[in-house]
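A.B. asks: Data: final_12.txt, compact mmCIF, C-alpha atoms and all ligand atoms.
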```txt
# COMPACT_ATOMS: atom_id res chain seq x y z
CA MET A 9 -39.45 -0.72 16.48
CA ASN A 10 -41.72 -3.51 17.59
CA ARG A 11 -41.93 -6.25 15.04
CA ARG A 12 -42.07 -9.29 17.30
CA ASN A 13 -43.04 -12.28 15.18
CA PRO A 14 -44.13 -15.35 17.11
CA GLY A 15 -41.92 -18.32 16.20
CA HIS A 16 -39.10 -16.05 15.00
CA PRO A 17 -36.08 -14.88 17.05
CA ASP A 18 -35.78 -11.28 18.31
CA VAL A 19 -32.32 -11.12 16.76
CA LEU A 20 -30.94 -13.07 13.84
CA VAL A 21 -27.14 -13.01 13.38
CA VAL A 22 -25.58 -13.90 10.03
CA GLY A 23 -22.01 -15.14 10.53
CA GLY A 24 -20.29 -16.92 13.42
CA GLY A 25 -16.82 -15.30 13.37
CA PRO A 26 -15.70 -13.19 16.36
CA ALA A 27 -18.14 -10.36 15.50
CA GLY A 28 -21.22 -12.56 15.05
CA SER A 29 -20.59 -14.82 18.05
CA ALA A 30 -19.78 -11.90 20.34
CA ALA A 31 -22.86 -9.96 19.18
CA ALA A 32 -25.08 -13.03 19.62
CA ALA A 33 -23.71 -13.73 23.12
CA ALA A 34 -24.09 -10.08 24.20
CA CYS A 35 -27.71 -9.90 22.90
CA SER A 36 -28.59 -13.25 24.54
CA GLU A 37 -27.13 -12.03 27.84
CA LEU A 38 -29.49 -9.04 27.61
CA GLY A 39 -32.41 -11.46 27.54
CA HIS A 40 -33.29 -11.54 23.83
CA SER A 41 -33.94 -14.67 21.81
CA VAL A 42 -31.10 -15.00 19.30
CA GLU A 43 -30.41 -17.31 16.38
CA LEU A 44 -27.03 -17.41 14.61
CA LEU A 45 -26.45 -18.90 11.16
CA ASP A 46 -23.04 -19.65 9.64
CA ARG A 47 -22.34 -21.32 6.33
CA ASP A 48 -19.21 -23.09 7.65
CA ARG A 49 -18.64 -26.07 9.91
CA PHE A 50 -16.54 -25.31 13.00
CA PRO A 51 -13.65 -25.45 13.78
CA ARG A 52 -12.68 -23.77 10.54
CA ALA A 53 -9.51 -22.03 9.35
CA LYS A 54 -9.41 -18.36 8.32
CA VAL A 55 -6.81 -16.08 6.75
CA CYS A 56 -5.59 -14.15 9.80
CA GLY A 57 -2.43 -13.14 11.68
CA CYS A 58 -4.01 -14.65 14.83
CA CYS A 59 -2.72 -11.91 17.18
CA LEU A 60 -5.46 -10.65 19.46
CA ALA A 61 -4.67 -7.13 20.71
CA ASP A 62 -5.26 -6.05 24.31
CA ARG A 63 -8.71 -4.63 23.59
CA GLY A 64 -9.82 -7.91 22.05
CA VAL A 65 -8.48 -9.74 25.09
CA ALA A 66 -10.51 -7.36 27.30
CA GLY A 67 -13.61 -8.22 25.21
CA LEU A 68 -13.07 -11.94 25.86
CA LEU A 69 -12.56 -11.34 29.59
CA ARG A 70 -15.90 -9.45 29.68
CA PHE A 71 -17.48 -12.76 28.62
CA GLY A 72 -15.61 -14.60 31.39
CA LEU A 73 -13.38 -16.43 28.89
CA GLU A 74 -10.25 -16.34 31.10
CA GLU A 75 -9.35 -19.94 30.26
CA LEU A 76 -9.37 -19.20 26.54
CA VAL A 77 -7.04 -16.23 27.04
CA ALA A 78 -4.76 -18.24 29.34
CA GLY A 79 -4.45 -20.90 26.62
CA GLY A 80 -3.08 -18.32 24.16
CA GLU A 81 0.60 -17.59 23.64
CA ALA A 82 1.48 -14.15 25.10
CA LEU A 83 3.25 -11.91 22.58
CA HIS A 84 6.28 -10.23 24.08
CA SER A 85 8.06 -8.80 21.06
CA VAL A 86 7.72 -7.85 17.44
CA ARG A 87 10.53 -8.03 14.91
CA ILE A 88 10.03 -5.70 11.95
CA GLY A 89 12.11 -6.35 8.87
CA CYS A 90 12.48 -4.34 5.70
CA ARG A 91 14.97 -5.14 2.93
CA GLY A 92 17.44 -6.86 5.22
CA ARG A 93 17.27 -4.40 8.14
CA GLN A 94 15.58 -5.60 11.32
CA VAL A 95 14.47 -4.03 14.56
CA ASP A 96 13.11 -5.78 17.68
CA LEU A 97 10.50 -3.96 19.72
CA PRO A 98 8.74 -4.89 22.95
CA PHE A 99 5.06 -5.69 22.63
CA HIS A 100 2.38 -5.74 25.30
CA GLY A 101 -1.04 -7.10 26.02
CA SER A 102 -1.60 -9.29 22.91
CA VAL A 103 -2.05 -13.04 22.75
CA VAL A 104 -1.78 -15.47 19.87
CA LEU A 105 -4.75 -17.81 19.39
CA SER A 106 -5.52 -19.96 16.38
CA ARG A 107 -8.74 -19.00 14.64
CA GLU A 108 -9.96 -22.58 15.01
CA THR A 109 -9.66 -22.26 18.80
CA LEU A 110 -10.88 -18.68 19.19
CA ASP A 111 -13.88 -18.83 16.86
CA THR A 112 -15.07 -22.20 18.16
CA ALA A 113 -14.76 -21.06 21.79
CA LEU A 114 -16.71 -17.86 21.08
CA LEU A 115 -19.40 -19.79 19.24
CA GLU A 116 -19.68 -22.24 22.15
CA HIS A 117 -19.89 -19.30 24.53
CA ALA A 118 -22.74 -17.82 22.48
CA ALA A 119 -24.53 -21.21 22.67
CA SER A 120 -24.03 -21.27 26.45
CA THR A 121 -25.82 -17.90 26.74
CA GLY A 122 -28.89 -19.34 24.98
CA THR A 123 -28.16 -18.42 21.33
CA ARG A 124 -29.49 -21.04 18.91
CA ILE A 125 -26.64 -21.90 16.55
CA ARG A 126 -27.02 -23.44 13.12
CA THR A 127 -23.88 -24.10 11.07
CA ARG A 128 -23.68 -25.07 7.39
CA VAL A 129 -26.52 -22.65 6.73
CA ARG A 130 -26.10 -19.82 4.23
CA ALA A 131 -28.27 -16.73 4.78
CA ARG A 132 -29.30 -13.83 2.59
CA VAL A 133 -31.30 -10.79 3.61
CA GLY A 134 -34.16 -10.09 1.21
CA ARG A 135 -35.29 -6.62 0.15
CA ASP A 136 -38.08 -6.60 2.76
CA GLY A 137 -35.69 -7.64 5.56
CA THR A 138 -36.77 -11.29 5.61
CA VAL A 139 -33.80 -13.61 6.05
CA HIS A 140 -33.75 -16.48 3.54
CA ALA A 141 -31.64 -19.43 4.68
CA THR A 142 -30.43 -22.61 2.98
CA ASP A 143 -29.10 -25.65 4.80
CA LEU A 144 -26.04 -26.50 2.72
CA ASP A 145 -26.11 -30.21 3.67
CA SER A 146 -29.81 -31.06 3.32
CA GLY A 147 -30.83 -28.36 0.84
CA GLU A 148 -33.72 -27.39 3.15
CA THR A 149 -34.71 -23.71 2.91
CA PHE A 150 -36.42 -21.62 5.57
CA GLU A 151 -37.17 -17.99 6.41
CA ARG A 152 -36.79 -15.83 9.51
CA ARG A 153 -38.50 -12.50 10.24
CA PRO A 154 -36.60 -11.22 13.30
CA GLN A 155 -36.93 -7.79 14.88
CA VAL A 156 -33.26 -7.09 14.24
CA VAL A 157 -30.80 -8.58 11.75
CA ILE A 158 -27.10 -8.39 12.65
CA VAL A 159 -24.89 -8.99 9.63
CA ALA A 160 -21.44 -10.27 10.60
CA ASP A 161 -20.56 -12.19 7.45
CA GLY A 162 -17.04 -10.78 7.09
CA LEU A 163 -15.27 -9.59 3.95
CA GLU A 164 -16.38 -12.56 1.89
CA GLY A 165 -20.03 -12.40 2.88
CA ARG A 166 -22.77 -11.71 0.37
CA ALA A 167 -25.72 -11.73 2.73
CA LEU A 168 -26.63 -8.11 1.86
CA GLU A 169 -26.28 -8.36 -1.91
CA ASP A 170 -30.00 -7.71 -2.38
CA GLN A 171 -29.84 -4.51 -0.29
CA PRO A 172 -28.67 -1.54 -2.40
CA ALA A 173 -28.21 0.62 0.74
CA PHE A 174 -25.35 -1.64 1.83
CA ARG A 175 -23.30 -1.63 -1.37
CA TRP A 176 -19.52 -1.87 -0.75
CA ARG A 177 -17.14 0.98 -1.61
CA VAL A 178 -13.78 -0.70 -2.23
CA ARG A 179 -10.71 1.58 -2.11
CA PRO A 180 -8.77 1.82 -5.36
CA ARG A 181 -5.43 -0.01 -5.11
CA SER A 182 -6.69 -1.93 -2.11
CA ARG A 183 -4.61 -4.97 -1.23
CA PHE A 184 -5.95 -8.47 -0.78
CA GLY A 185 -5.18 -10.85 2.07
CA ALA A 186 -3.51 -14.26 1.88
CA GLY A 187 -2.65 -16.85 4.49
CA LEU A 188 -1.01 -20.17 5.13
CA THR A 189 -0.49 -22.44 8.15
CA LEU A 190 2.53 -24.73 8.29
CA ALA A 191 2.53 -27.91 10.37
CA ALA A 192 3.93 -27.93 13.92
CA ASP A 193 6.81 -30.19 12.94
CA VAL A 194 8.14 -27.61 10.47
CA ARG A 195 11.44 -26.60 12.04
CA THR A 196 13.47 -24.04 10.17
CA GLU A 197 15.75 -21.28 11.36
CA GLY A 198 13.56 -18.80 9.52
CA ALA A 199 10.52 -19.42 11.72
CA PRO A 200 10.05 -17.07 14.69
CA PRO A 201 10.16 -18.50 18.23
CA PRO A 202 6.93 -18.61 20.29
CA GLY A 203 5.90 -15.18 21.61
CA ARG A 204 7.45 -13.17 18.80
CA LEU A 205 5.54 -11.62 15.89
CA THR A 206 7.71 -11.12 12.81
CA MET A 207 6.57 -8.55 10.24
CA LEU A 208 8.36 -8.22 6.92
CA ALA A 209 7.52 -5.27 4.67
CA GLY A 210 8.74 -4.65 1.17
CA ARG A 211 7.78 -4.11 -2.44
CA GLY A 212 4.37 -5.60 -3.21
CA GLY A 213 3.10 -6.14 0.33
CA TYR A 214 3.90 -7.30 3.84
CA LEU A 215 3.91 -10.57 5.70
CA GLY A 216 3.36 -11.41 9.38
CA MET A 217 4.21 -14.72 11.05
CA VAL A 218 3.76 -16.20 14.51
CA ARG A 219 3.92 -19.59 16.19
CA LEU A 220 0.44 -20.70 17.25
CA PRO A 221 0.05 -22.19 20.75
CA ASP A 222 -0.04 -25.71 19.24
CA GLY A 223 3.30 -25.11 17.49
CA ARG A 224 1.99 -24.53 13.95
CA LEU A 225 3.38 -21.55 12.04
CA ASP A 226 0.78 -18.99 10.89
CA LEU A 227 1.66 -16.71 7.97
CA ALA A 228 -0.64 -13.90 6.84
CA ALA A 229 0.02 -11.28 4.20
CA ALA A 230 -1.48 -8.22 2.51
CA ILE A 231 -0.52 -8.17 -1.14
CA ASP A 232 -0.74 -5.73 -4.08
CA HIS A 233 -2.76 -7.10 -6.99
CA ASP A 234 -0.35 -5.94 -9.68
CA ALA A 235 2.71 -7.26 -7.86
CA ALA A 236 0.99 -10.62 -7.31
CA ARG A 237 0.24 -10.88 -11.02
CA HIS A 238 3.89 -10.37 -11.92
CA GLU A 239 5.42 -12.53 -9.21
CA GLY A 240 3.28 -15.68 -9.28
CA GLY A 241 0.67 -14.77 -6.67
CA PRO A 242 0.99 -14.38 -2.89
CA SER A 243 3.44 -17.29 -2.63
CA GLY A 244 5.88 -15.46 -4.94
CA ILE A 245 5.73 -12.19 -2.95
CA ALA A 246 5.95 -13.95 0.44
CA ALA A 247 8.90 -16.05 -0.76
CA ARG A 248 10.75 -12.89 -1.91
CA LEU A 249 10.08 -11.01 1.37
CA LEU A 250 11.47 -13.98 3.29
CA ARG A 251 14.48 -14.25 0.99
CA GLU A 252 15.25 -10.53 1.36
CA ASP A 253 15.29 -11.15 5.12
CA GLY A 254 17.72 -14.07 4.82
CA ARG A 255 15.15 -16.83 5.48
CA ASP A 256 15.91 -18.92 2.41
CA GLU A 257 14.68 -22.29 3.69
CA LEU A 258 11.31 -20.91 4.79
CA SER A 259 11.11 -18.93 1.55
CA GLU A 260 11.36 -22.16 -0.43
CA MET A 261 8.69 -23.84 1.71
CA VAL A 262 6.12 -21.06 1.24
CA SER A 263 6.79 -20.74 -2.47
CA GLU A 264 5.56 -24.32 -2.93
CA ALA A 265 2.58 -24.11 -0.56
CA ARG A 266 -1.06 -23.39 -1.41
CA TRP A 267 -2.15 -20.02 -0.04
CA ARG A 268 -5.73 -19.06 0.81
CA GLY A 269 -6.85 -15.63 -0.40
CA THR A 270 -9.40 -12.98 0.55
CA PRO A 271 -11.22 -10.32 -1.46
CA ARG A 272 -9.80 -6.77 -1.47
CA LEU A 273 -9.32 -5.54 2.07
CA SER A 274 -9.86 -1.76 2.31
CA ARG A 275 -13.56 -1.09 2.00
CA SER A 276 -16.47 0.68 3.62
CA ARG A 277 -20.27 0.75 3.43
CA ARG A 278 -23.28 2.09 5.27
CA VAL A 279 -23.45 0.09 8.52
CA ALA A 280 -27.12 0.41 9.51
CA CYS A 281 -30.44 0.91 7.83
CA ASP A 282 -33.90 0.18 9.19
CA ASN A 283 -33.62 -2.99 11.34
CA ILE A 284 -30.32 -4.21 9.87
CA ALA A 285 -26.88 -3.48 11.36
CA CYS A 286 -23.42 -4.64 10.26
CA VAL A 287 -20.55 -5.43 12.63
CA GLY A 288 -16.96 -6.69 12.31
CA ASP A 289 -15.44 -6.84 8.83
CA ALA A 290 -18.97 -6.65 7.40
CA ALA A 291 -18.99 -3.01 8.63
CA GLY A 292 -15.80 -2.19 6.69
CA TYR A 293 -12.12 -2.93 6.98
CA VAL A 294 -8.79 -1.18 6.44
CA GLU A 295 -5.64 -3.33 6.41
CA PRO A 296 -4.28 -5.87 8.85
CA PHE A 297 -0.84 -4.29 9.48
CA THR A 298 -1.65 -3.42 13.12
CA GLY A 299 -3.55 -6.68 13.76
CA GLU A 300 -6.73 -5.23 15.27
CA GLY A 301 -9.58 -6.57 13.13
CA MET A 302 -10.73 -9.14 15.70
CA SER A 303 -10.57 -6.55 18.49
CA TRP A 304 -12.70 -4.14 16.43
CA ALA A 305 -15.11 -7.01 15.76
CA ILE A 306 -15.49 -8.05 19.42
CA GLY A 307 -15.57 -4.46 20.74
CA GLY A 308 -18.11 -3.47 18.08
CA ALA A 309 -20.32 -6.42 18.99
CA HIS A 310 -20.43 -5.35 22.65
CA ARG A 311 -21.36 -1.78 21.64
CA LEU A 312 -23.96 -2.86 19.08
CA ALA A 313 -25.75 -5.13 21.58
CA GLY A 314 -26.70 -2.08 23.68
CA LEU A 315 -28.32 -0.41 20.67
CA VAL A 316 -30.10 -3.61 19.66
CA ASP A 317 -31.52 -3.80 23.18
CA ALA A 318 -32.75 -0.19 22.95
CA ALA A 319 -34.24 -0.91 19.52
CA ILE A 320 -36.20 -3.92 20.77
CA VAL A 321 -37.21 -2.67 24.22
CA GLU A 322 -37.69 1.06 23.59
CA GLY A 323 -38.46 1.03 19.89
CA ARG A 324 -35.41 3.19 19.03
CA SER A 325 -33.95 3.20 15.54
CA LEU A 326 -30.77 1.28 14.78
CA ASP A 327 -29.62 4.20 12.63
CA SER A 328 -27.62 5.57 15.59
CA TRP A 329 -25.23 2.63 15.04
CA ARG A 330 -23.80 4.59 12.11
CA MET A 331 -22.62 7.41 14.38
CA VAL A 332 -21.59 5.14 17.29
CA HIS A 333 -19.59 2.92 14.95
CA ARG A 334 -17.91 5.87 13.22
CA ARG A 335 -16.95 7.51 16.53
CA ALA A 336 -15.55 4.27 17.90
CA THR A 337 -13.46 3.35 14.87
CA TRP A 338 -12.37 6.42 12.88
CA PHE A 339 -9.16 7.10 14.82
CA ASP A 340 -8.02 3.46 14.86
CA ARG A 341 -8.72 3.09 11.18
CA LEU A 342 -6.88 6.29 10.33
CA ARG A 343 -3.87 5.18 12.39
CA CYS A 344 -3.92 1.75 10.81
CA ARG A 345 -4.30 3.18 7.29
CA ASN A 346 -1.37 5.56 7.80
CA ILE A 347 0.91 2.83 9.12
CA ALA A 348 -0.05 0.53 6.24
CA LEU A 349 0.56 3.43 3.83
CA ALA A 350 4.04 3.99 5.28
CA ALA A 351 4.77 0.28 4.84
CA ARG A 352 3.93 0.63 1.12
CA HIS A 353 7.07 2.70 0.66
CA PRO A 354 10.07 0.55 1.54
CA GLY A 355 12.48 3.53 1.29
CA PRO A 356 10.94 5.61 4.14
CA ALA A 357 10.14 2.42 6.09
CA HIS A 358 13.81 1.44 5.89
CA ALA A 359 14.82 4.93 7.11
CA LEU A 360 12.32 4.67 9.97
CA LEU A 361 13.85 1.37 11.07
CA ARG A 362 17.27 3.07 11.08
CA GLY A 363 15.78 5.86 13.24
CA MET A 364 14.32 3.34 15.66
CA ALA A 365 17.70 1.66 15.91
CA ARG A 366 19.29 4.96 16.97
CA LEU A 367 16.44 6.09 19.25
CA PRO A 368 14.91 3.05 20.99
CA ILE A 369 12.18 5.07 22.75
CA LEU A 370 10.80 6.02 19.30
CA GLY A 371 10.49 2.34 18.43
CA SER A 372 8.81 1.52 21.72
CA ARG A 373 6.25 4.32 21.32
CA LEU A 374 5.60 3.29 17.72
CA ALA A 375 5.05 -0.36 18.66
CA ASP A 376 2.53 0.62 21.32
CA SER A 377 0.76 3.08 19.07
CA ALA A 378 0.75 0.63 16.14
CA SER A 379 -0.90 -2.03 18.26
CA GLY A 380 -3.38 0.46 19.73
CA VAL A 381 -2.12 -0.04 23.30
CA ALA A 382 -3.48 2.78 25.40
CA GLY A 383 -0.01 3.87 26.53
CA GLY A 384 1.86 4.00 29.79
CA HIS A 385 4.07 0.99 29.10
CA ARG A 386 7.76 1.17 29.75
CA ASN A 387 10.37 -0.49 27.67
CA THR A 388 10.77 -3.77 29.50
CA LEU A 389 12.76 -5.64 26.91
CA ALA A 390 16.18 -4.93 25.58
CA MET A 391 15.93 -3.80 21.99
CA GLY A 392 18.36 -5.17 19.48
CA VAL A 393 18.99 -4.07 15.94
CA ARG A 394 20.70 -6.26 13.40
CA ARG A 395 22.53 -5.49 10.20
C1 LIG A 401 -3.96 -11.14 6.16
C2 LIG A 401 -4.80 -10.81 7.35
C3 LIG A 401 -4.20 -10.80 8.62
C4 LIG A 401 -4.97 -10.46 9.75
N1 LIG A 401 -4.37 -10.48 10.97
C5 LIG A 401 -5.09 -10.14 12.06
C6 LIG A 401 -4.51 -10.18 13.35
O1 LIG A 401 -3.36 -10.58 13.55
N2 LIG A 401 -5.26 -9.77 14.40
C7 LIG A 401 -6.56 -9.35 14.24
O2 LIG A 401 -7.20 -8.97 15.23
N3 LIG A 401 -7.15 -9.34 13.03
C8 LIG A 401 -6.46 -9.72 11.94
N4 LIG A 401 -7.06 -9.75 10.72
C9 LIG A 401 -8.46 -9.34 10.61
C10 LIG A 401 -9.41 -10.42 11.12
O3 LIG A 401 -9.16 -11.65 10.46
C11 LIG A 401 -10.86 -9.97 10.86
O4 LIG A 401 -10.99 -8.62 11.21
C12 LIG A 401 -11.85 -10.82 11.66
O5 LIG A 401 -11.86 -12.15 11.19
C13 LIG A 401 -13.26 -10.22 11.54
O6 LIG A 401 -14.17 -11.07 12.15
P1 LIG A 401 -15.66 -11.15 11.61
O7 LIG A 401 -16.42 -11.96 12.61
O8 LIG A 401 -16.16 -9.81 11.27
O9 LIG A 401 -15.58 -11.93 10.21
P2 LIG A 401 -15.11 -13.41 9.88
O10 LIG A 401 -14.14 -13.89 10.88
O11 LIG A 401 -14.70 -13.38 8.46
O12 LIG A 401 -16.43 -14.29 10.03
C14 LIG A 401 -17.47 -14.18 9.11
C15 LIG A 401 -18.29 -15.46 9.19
O13 LIG A 401 -19.46 -15.28 8.40
C16 LIG A 401 -19.76 -16.51 7.73
N5 LIG A 401 -20.56 -16.18 6.54
C17 LIG A 401 -20.19 -15.47 5.47
N6 LIG A 401 -21.24 -15.33 4.62
C18 LIG A 401 -22.28 -15.98 5.18
C19 LIG A 401 -23.62 -16.19 4.79
N7 LIG A 401 -24.12 -15.69 3.63
N8 LIG A 401 -24.42 -16.92 5.59
C20 LIG A 401 -23.95 -17.45 6.76
N9 LIG A 401 -22.67 -17.28 7.19
C21 LIG A 401 -21.86 -16.55 6.41
C22 LIG A 401 -18.39 -17.09 7.41
O14 LIG A 401 -18.47 -18.50 7.26
C23 LIG A 401 -17.58 -16.69 8.65
O15 LIG A 401 -17.57 -17.71 9.63
C24 LIG A 401 -6.33 -10.11 9.59
C25 LIG A 401 -6.93 -10.14 8.32
C26 LIG A 401 -6.18 -10.50 7.22
C27 LIG A 401 -6.83 -10.54 5.86
```
Taking this structure as input, can you express it in the form of structure tokens?
C.D. replies:
Amino acid sequence: MNRRNPGHPDVLVVGGGPAGSAAAAACSELGHSVELLDRDRFPRAKVCGCCLADRGVAGLLRFGLEELVAGGEALHSVRIGCRGRQVDLPFHGSVVLSRETLDTALLEHAASTGTRIRTRVRARVGRDGTVHATDLDSGETFERRPQVVIVADGLEGRALEDQPAFRWRVRPRSRFGAGLTLAADVRTEGAPPPGRLTMLAGRGGYLGMVRLPDGRLDLAAAIDHDAARHEGGPSGIAARLLREDGRDELSEMVSEARWRGTPRLSRSRRVACDNIACVGDAAGYVEPFTGEGMSWAIGGAHRLAGLVDAAIVEGRSLDSWRMVHRRATWFDRLRCRNIALAARHPGPAHALLRGMARLPILGSRLADSASGVAGGHRNTLAMGVRR
């Protein structure tokens, strides 16, 4: 592949979330000229549980972003609740960071490596691989003919709509995501303390909540379509899950709030064709129960940059990204899918919580395996089970 076009970047990245910014920074660090386009203005909010797992943290440290990690709230425990039963498990290696903070810091890091960033620009990849862009403020349109296009436009992106090879396959009965952030001065007994992730599973979906480092309360949920239709949308399901867990005051607050939604979550597609490669959610997603999407996005971006370099310098095809991506993600996705599947059935999930209460080591192992921690941790926190 040698399609250098004078006046055009070597690499054009569509999307400035964790995947796009990390891919842009990694390609810039390898010496390529990179331009990144995002339709939003930063900082911007995003439906997300905001827990960055240990592998995502490692990806940030590879960029030298120690200060960003240090500014996060370390997660030390997870409380899982199902129909009134609760179990507390130790948790390792993850930090809580608001998406405003994380995404803006990564974008600024990409800029510091030489990436040219343009926000409020929507991009679409034409059939011949030309990128057509529109400045959403001025209405100006322009085109880019880069050697490589990295598509990191997330679940909601439509940049590849004109490319039949990249059509989405959405899983039947896939859930959709929903999120809400409550102000820092919201003080209710139902809100978890800093450093603890609370996950509530039940009929119709599950809900995670954490305190962000600035004190705001982040709530993120995966919801069944049918259940949402019958119970007044994500606010109805979230309010019931909180009520079942005895958090009546918080339940009332979320039932009145405006939730942001996402398209259906579990989906896949071809991830590379010709000079186009997808990374992050744009390369497919499962469900957020184990909170690893950002880690997959950042890790994938680091891996993809090596292939982009080989494509530009040695003329290799980007098609190998399909195999590399599959090898790197299949196990995590399978694990995540199985855990999310188990959480769909409150009966067995309830029984599992009872088992964890009787055999704490089982709970500890499950927490580590659910969060993708490589292993080797010892139970450092006392585990308590209530009700
Ligand atoms: C309910 C829920 C909870 C979650 N909880 C967690 C968690 O706790 N931990 C975790 O690691 N992950 C979690 N995730 C997953 C995580 O949010 C995603 O995996 C992550 O945001 C993927 O990053 P990304 O860069 O691929 O996409 P995004 O973060 O979605 O970024 C895509 C970017 O592309 C831009 N864009 C879109 N279309 C265009 C276009 N045409 N032109 C230009 N720009 C465009 C958008 O503006 C956006 O900035 C959760 C997801 C959900 C739904």
A.B. asks: Hey, can you check how far CA of Cys59 in chain A sits from atom O11 of ligand LIG 401 (chain A)?
C.D. replies: 14.9 Å
A.B. asks: My list of candidates is A:Ile306, A:Asn13, A:Leu190, A:Glu116. Which is closest to Leu69 in chain A when distances are computed with all atoms listed in the file?
C.D. replies: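 Among the listed residues, the smallest separation from Leu69 in chain A belongs to A:Ile306.
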A.B. asks: Find, counting all atoms listed in the file, the residue in A:Ala236, A:Ala119, A:Ala141, A:Ala82 that gets nearest to ligand LIG 401 (chain A).
C.D. replies: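 Under the stated criterion, the closest residue is A:Ala141.
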A.B. asks: Can you work out which one of A:Thr121, A:Thr142, A:Ser263, A:Asn283 has the shortest atom-to-atom distance to Ala34 in chain A, counting all atoms listed in the file?
C.D. replies: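 That would be A:Thr121, the residue with the smallest distance to Ala34 in chain A.
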A.B. asks: Any idea what the distance is between CA of Ser102 in chain A and CA of Leu315 in chain A?
C.D. replies: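 So the answer is 28.2 Å.
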A.B. asks: How many Å separate CA of Arg345 in chain A from CA of His100 in chain A?
C.D. replies: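 Going from CA of Arg345 in chain A over to CA of His100 in chain A covers 21.2 Å.
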A.B. asks: Counting only C-alpha atoms, which residue out of A:Glu257, A:Asp170, A:Asp111, A:Glu295 sits closest to Ala351 in chain A?
C.D. replies: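 Ranked by minimum distance to Ala351 in chain A, first place goes to A:Glu295.
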A.B. asks: Here is a test: counting only C-alpha atoms, which residue of A:Val156, A:Val22, A:Ala350, A:Ala191 is nearest to Thr127 in chain A?
C.D. replies: A:Val22
A.B. asks: Report as lines of an AutoDock Vina configuration file the centre and the edge lengths, in Å to one decimal, of the axis-aligned box holding every listed atom of ligand LIG 401 (chain A), padded by 5 Å on each side.
C.D. replies:
```
center_x = -13.9
center_y = -13.6
center_z = 9.4
size_x = 31.1
size_y = 19.9
size_z = 21.6
```
A.B. asks: Scan for residues within 10 Å of the point (14.5, -17.1, 8.7) in the coordinates of the file, using all atoms listed in the file, and reply as a ChimeraX atom specification.
C.D. replies: /A:196-200,206,250-259
A.B. asks: Name all residues at most 12 Å from Leu342 in chain A (count only C-alpha atoms; drop same-chain ones fewer than 3 positions away) and give them as number ranges by chain.
C.D. replies: A: 274, 293-295, 298, 334-339, 345-349, 378, 380
A.B. asks: With all atoms listed in the file as the atoms that count, which of A:Gly39, A:Pro221, A:Gly24, A:Gly57 lies nearest to Val321 in chain A?
C.D. replies: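 Residue with the minimum atom-to-atom distance to Val321 in chain A: A:Gly39.
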A.B. asks: Excluding Thr270 in chain A and its own-chain neighbours fewer than 3 positions away, which residues fall within 12 Å of it when counting all atoms listed in the file? Please give them as an MDAnalysis selection string.
C.D. replies: chainID A and resid 54:56 162:165 182:188 228:231 233 242 267 273:274 289 295
A.B. asks: With C-alpha atoms retained, could you export that selection as a JSON list (two decimals), keeping the file's coordinate frame?
C.D. replies:
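Written out: result-v3.json:
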```
[["chain", "number", "residue", "atom", "x", "y", "z"],
["A", 54, "LYS", "CA", -9.41, -18.36, 8.32],
["A", 55, "VAL", "CA", -6.81, -16.08, 6.75],
["A", 56, "CYS", "CA", -5.59, -14.15, 9.80],
["A", 162, "GLY", "CA", -17.04, -10.78, 7.09],
["A", 163, "LEU", "CA", -15.27, -9.59, 3.95],
["A", 164, "GLU", "CA", -16.38, -12.56, 1.89],
["A", 165, "GLY", "CA", -20.03, -12.40, 2.88],
["A", 182, "SER", "CA", -6.69, -1.93, -2.11],
["A", 183, "ARG", "CA", -4.61, -4.97, -1.23],
["A", 184, "PHE", "CA", -5.95, -8.47, -0.78],
["A", 185, "GLY", "CA", -5.18, -10.85, 2.07],
["A", 186, "ALA", "CA", -3.51, -14.26, 1.88],
["A", 187, "GLY", "CA", -2.65, -16.85, 4.49],
["A", 188, "LEU", "CA", -1.01, -20.17, 5.13],
["A", 228, "ALA", "CA", -0.64, -13.90, 6.84],
["A", 229, "ALA", "CA", 0.02, -11.28, 4.20],
["A", 230, "ALA", "CA", -1.48, -8.22, 2.51],
["A", 231, "ILE", "CA", -0.52, -8.17, -1.14],
["A", 233, "HIS", "CA", -2.76, -7.10, -6.99],
["A", 242, "PRO", "CA", 0.99, -14.38, -2.89],
["A", 267, "TRP", "CA", -2.15, -20.02, -0.04],
["A", 273, "LEU", "CA", -9.32, -5.54, 2.07],
["A", 274, "SER", "CA", -9.86, -1.76, 2.31],
["A", 289, "ASP", "CA", -15.44, -6.84, 8.83],
["A", 295, "GLU", "CA", -5.64, -3.33, 6.41]]
```
